[in-house]
Amino acid sequence: MNFILVGLHTSALPTSSYSDNTTFYVWAAFFNVVLTFGMETSFFRFFSHSKEKDRVFSTAFIALTLSTILFLIGVLVFRDFFINLVDLPSDYFYILFGILIMDTLVVVPFAYLRATNRPVKFAAIKIINIVIVVLLNFYFLWFVKEYPRFSPQIILDNYTDADKVKYIFIANLVASGVTLLMLLPYFFKSKIDFSTTLFKQMWKYGWPVMVAGIAFVINENLDKLLLKDMLSESVMGAYAGCYKLAVFMTIFVQAFKMGAEPFFFNHAQQENAKQTYAQILTYFVIFGCLIMVVLISFIDVFKELLIRNEDYWITISIVPIILLANLFLGIYHNLSIWYKLTDKTRMGMYISIFGAIVTIVFNFALIPVIGFIAAAWATLAAYGGMMLISYFLGKRYYPVPYDLKKIGFYLLISIVISAISFIYFRENYLAGAAFVTLFLLIIAMAERRDLKQILKK
């Protein structure tokens, strides 16, 4: 559904307005990390080991609720400072912080659903949230303008075609409110039982995760803000739009992370846990490489489907680099289990800070020299470096028998095929189909033993 929205937004908004949309969600990502202060990951860690699970839930929930209330008071008192900080109009600002407050309050209930293996309910609520966002986006950005006679007069009296981006934020605000209402029963699921001792332990475990999260936001989003300041809003909007062409890889990585994190914690005590982690990474890489080959082989098809406004296409060259960077990020998420299981979250923080430094240095040094493409290379360098560092440190503290030969083989083959396709066979869809078929045959040959076992089962 978010895939559909990219086409709607890039068609309805000029690149400069898409820049405002990107800035809004960059700050949303930053404050989301600060407001949750690593409590989600800390919740998984302590919930999976504790016999007093209700106390873990209650402590985490109360901590986040109180901190959110304090944040709200701080924002109201120092609103002028925050408005200047985010560099957004005041009405965008109030919508942003309304979304942040509601989304923070549901972090622990959502984590509880994941930790207790309730994926259907978790997915149902998430999907309802997205459906609301999508329907309201289409209503405000397309339906009201095309079919005004079917809209209430109050909507028509307040509707403006000059500020369409605002309706994207309103849609998100409404969806967050509905999500909060659906999760209200979990606010009362346990007694008020706040353990100061437990909170200190959870804070000690979680604050490095928060710092790592801030560094991740820098890695993921600083390039967009810098492009806006160092080049132009138009280039930044085009860059952010083409960045969305990596949406399938992003969804794959995010979906994997949501399922894998509680799984890794819950299976840590099993005898064959490390072998399971190794096998999971291998299959993650196979699927990730396949996604990359398909997207790059048919990049112009996806470009036409997702981004119909040709003004955005000036930055299309970033897509192969961003796809590989996101694949490296997914591998890093797999590898990072070592510092979460060994309670060495500070190591994860240091790795993320390293990535942030790489991002900052590359962007400031290279954007003035080679333009927007520098931002894509900075992202690849940051995530690639984090992946390698995490592997070598994990090998020392929590060795997992990863099949490096197989993983390296798939990465190399997919990169070579993707590069040949993008550089020499753009818009040649027969060649693209041939490349995808070739990669599928390579997978079938290399994995024939496992495939036979799966088919037998």
# chains A, B, ... in the order shown; residues from 1 in each chain; ligands from 1
>>> residues_around(residues="Ile321 of chain A", least_positions_apart="5", cutoff="12 Å", atoms="only C-alpha atoms", output="PyMOL selection string")
chain A and resi 242-243+245-246+292+295-296+315-316+326-328+373-381+383-384+415+418-419+422
>>> select_by_dssp(residues="segment 49-211 of chain A", states="alpha helix (DSSP H)", output="PyMOL selection string")
chain A and resi 49+53-77+79-86+90-105+107-115+119-138+144-146+153-158+165-182+196-211
>>> closest_residue(among="A:Phe169, A:Tyr159, A:Tyr147, A:Tyr350", to="Gly98 of chain A", atoms="only C-alpha atoms")
A:Phe169
>>> closest_residue(among="A:Trp338, A:Tyr283, A:Phe97, A:Phe256", to="Lys395 of chain A", atoms="only C-alpha atoms")
A:Trp338
>>> closest_residue(among="A:Ile370, A:Ile155, A:Ala115, A:Leu70", to="Phe263 of chain A", atoms="only C-alpha atoms")
A:Ala115
>>> closest_residue(among="A:Leu388, A:Ser297, A:Ala433, A:Arg55", to="Ile420 of chain A", atoms="only C-alpha atoms")
A:Ser297
>>> closest_atom_pairs(of="segment 100-152 of chain A", to="segment 170-175 of chain A", cutoff="12 Å", atoms="only C-alpha atoms", output="JSON lines")
{"residue": "A:Leu100", "atom": "CA", "partner": "A:Leu173", "partner_atom": "CA", "distance": 9.1}
{"residue": "A:Ile101", "atom": "CA", "partner": "A:Leu173", "partner_atom": "CA", "distance": 10.3}
{"residue": "A:Met102", "atom": "CA", "partner": "A:Leu173", "partner_atom": "CA", "distance": 8.6}
{"residue": "A:Asp103", "atom": "CA", "partner": "A:Leu173", "partner_atom": "CA", "distance": 9.5}
{"residue": "A:Ile125", "atom": "CA", "partner": "A:Ala175", "partner_atom": "CA", "distance": 10.3}
{"residue": "A:Lys126", "atom": "CA", "partner": "A:Ala175", "partner_atom": "CA", "distance": 9.7}
{"residue": "A:Ile127", "atom": "CA", "partner": "A:Ala175", "partner_atom": "CA", "distance": 10.4}
{"residue": "A:Ile128", "atom": "CA", "partner": "A:Ala175", "partner_atom": "CA", "distance": 8.1}
{"residue": "A:Asn129", "atom": "CA", "partner": "A:Ala175", "partner_atom": "CA", "distance": 5.1}
{"residue": "A:Ile130", "atom": "CA", "partner": "A:Ala175", "partner_atom": "CA", "distance": 7.4}
{"residue": "A:Val131", "atom": "CA", "partner": "A:Ala175", "partner_atom": "CA", "distance": 8.5}
{"residue": "A:Ile132", "atom": "CA", "partner": "A:Ala175", "partner_atom": "CA", "distance": 5.6}
{"residue": "A:Val133", "atom": "CA", "partner": "A:Ala171", "partner_atom": "CA", "distance": 5.1}
{"residue": "A:Val134", "atom": "CA", "partner": "A:Ala171", "partner_atom": "CA", "distance": 7.9}
{"residue": "A:Leu135", "atom": "CA", "partner": "A:Ala171", "partner_atom": "CA", "distance": 8.4}
{"residue": "A:Leu136", "atom": "CA", "partner": "A:Ala171", "partner_atom": "CA", "distance": 5.4}
{"residue": "A:Asn137", "atom": "CA", "partner": "A:Ala171", "partner_atom": "CA", "distance": 6.2}
{"residue": "A:Phe138", "atom": "CA", "partner": "A:Ala171", "partner_atom": "CA", "distance": 9.7}
{"residue": "A:Tyr139", "atom": "CA", "partner": "A:Ala171", "partner_atom": "CA", "distance": 9.6}
{"residue": "A:Phe140", "atom": "CA", "partner": "A:Ala171", "partner_atom": "CA", "distance": 8.7}
{"residue": "A:Leu141", "atom": "CA", "partner": "A:Ala171", "partner_atom": "CA", "distance": 10.6}
>>> atom_distance(atom1="atom CA of Val211 of chain A", atom2="atom CA of Arg346 of chain A")
8.9 Å
>>> atom_distance(atom1="atom CA of Phe199 of chain A", atom2="atom CA of Tyr397 of chain A")
26.0 Å
>>> residues_around(residues="segment 434-446 of chain A", least_positions_apart="3", cutoff="12 Å", atoms="only C-alpha atoms", output="MDAnalysis selection string")
chainID A and resid 282:283 285:287 289:298 405:407 409:422 425 428:431 449:452
>>> write_last_selection(atoms="C-alpha atoms", output="mmCIF file, in the first residue's frame")
data_model
loop_
_atom_site.group_PDB
_atom_site.id
_atom_site.type_symbol
_atom_site.label_atom_id
_atom_site.label_comp_id
_atom_site.auth_asym_id
_atom_site.auth_seq_id
_atom_site.Cartn_x
_atom_site.Cartn_y
_atom_site.Cartn_z
ATOM 1 C CA THR A 282 21.902 -17.362 4.227
ATOM 2 C CA TYR A 283 18.277 -17.393 3.118
ATOM 3 C CA VAL A 285 20.801 -12.947 1.557
ATOM 4 C CA ILE A 286 19.363 -15.192 -1.178
ATOM 5 C CA PHE A 287 15.985 -13.462 -1.121
ATOM 6 C CA CYS A 289 19.834 -10.577 -3.731
ATOM 7 C CA LEU A 290 16.906 -11.819 -5.797
ATOM 8 C CA ILE A 291 14.910 -8.686 -4.961
ATOM 9 C CA MET A 292 17.857 -6.520 -5.991
ATOM 10 C CA VAL A 293 18.325 -8.327 -9.323
ATOM 11 C CA VAL A 294 14.605 -8.099 -10.167
ATOM 12 C CA LEU A 295 14.317 -4.412 -9.273
ATOM 13 C CA ILE A 296 17.420 -3.349 -11.163
ATOM 14 C CA SER A 297 16.677 -5.512 -14.212
ATOM 15 C CA PHE A 298 13.262 -3.840 -14.509
ATOM 16 C CA LYS A 405 31.391 -18.673 0.932
ATOM 17 C CA LYS A 406 27.756 -19.063 -0.039
ATOM 18 C CA ILE A 407 26.789 -15.591 1.181
ATOM 19 C CA PHE A 409 28.921 -15.980 -3.788
ATOM 20 C CA TYR A 410 25.326 -14.735 -3.936
ATOM 21 C CA LEU A 411 26.346 -11.155 -3.198
ATOM 22 C CA LEU A 412 29.024 -11.154 -5.897
ATOM 23 C CA ILE A 413 26.844 -12.771 -8.578
ATOM 24 C CA SER A 414 23.881 -10.478 -7.867
ATOM 25 C CA ILE A 415 26.066 -7.353 -7.909
ATOM 26 C CA VAL A 416 27.678 -8.344 -11.223
ATOM 27 C CA ILE A 417 24.334 -9.185 -12.864
ATOM 28 C CA SER A 418 22.739 -5.987 -11.548
ATOM 29 C CA ALA A 419 25.630 -3.799 -12.724
ATOM 30 C CA ILE A 420 25.617 -5.298 -16.229
ATOM 31 C CA SER A 421 21.853 -4.935 -16.472
ATOM 32 C CA PHE A 422 21.781 -1.303 -15.299
ATOM 33 C CA PHE A 425 20.808 -3.189 -20.819
ATOM 34 C CA ASN A 428 15.870 -4.042 -22.529
ATOM 35 C CA TYR A 429 13.226 -6.151 -20.816
ATOM 36 C CA LEU A 430 14.110 -9.378 -22.597
ATOM 37 C CA ALA A 431 17.625 -9.048 -21.251
ATOM 38 C CA ARG A 449 19.655 -30.308 -1.857
ATOM 39 C CA ASP A 450 17.680 -28.078 0.480
ATOM 40 C CA LEU A 451 14.968 -27.595 -2.128
ATOM 41 C CA LYS A 452 14.573 -31.368 -2.494
#
>>> residues_around(residues="Val235 of chain A", least_positions_apart="4", cutoff="9 Å", atoms="only C-alpha atoms", output="PyMOL selection string")
chain A and resi 15-16+19+227-228+231+239-240+312+314-315+372
>>> write_last_selection(atoms="C-alpha atoms", output="mmCIF file, in the first residue's frame")
data_model
loop_
_atom_site.group_PDB
_atom_site.id
_atom_site.type_symbol
_atom_site.label_atom_id
_atom_site.label_comp_id
_atom_site.auth_asym_id
_atom_site.auth_seq_id
_atom_site.Cartn_x
_atom_site.Cartn_y
_atom_site.Cartn_z
ATOM 1 C CA THR A 15 9.695 17.989 -6.028
ATOM 2 C CA SER A 16 9.858 21.018 -3.684
ATOM 3 C CA SER A 19 11.001 17.883 0.067
ATOM 4 C CA LEU A 227 20.972 17.906 -0.200
ATOM 5 C CA LYS A 228 18.250 20.412 0.630
ATOM 6 C CA LEU A 231 21.981 21.788 -3.492
ATOM 7 C CA TYR A 239 16.427 12.186 -4.534
ATOM 8 C CA ALA A 240 13.899 11.247 -1.832
ATOM 9 C CA TYR A 312 12.033 13.036 -10.240
ATOM 10 C CA ILE A 314 17.082 12.982 -12.665
ATOM 11 C CA THR A 315 18.270 10.991 -9.626
ATOM 12 C CA PHE A 372 23.548 13.959 -5.169
#
>>> closest_residue(among="A:Val247, A:Met349, A:Leu222, A:Leu306", to="Gly38 of chain A", atoms="only C-alpha atoms")
A:Met349
>>> closest_residue(among="A:Ser232, A:Asn221, A:Ser390, A:Asn158", to="Thr22 of chain A", atoms="only C-alpha atoms")
A:Asn221
>>> residues_around(residues="Leu183 of chain A", least_positions_apart="3", cutoff="12 Å", atoms="only C-alpha atoms", output="list in words")
Met102, Asp103, Leu105, Val106, Val107, Val108, Pro109, Phe110, Ala111, Tyr112, Leu113, Lys121, Phe122, Ala124, Ile125, Lys126, Asn129, Ser176, Gly177, Val178, Thr179, Leu180, Tyr186, Phe187, Phe188 and Lys189 of chain A
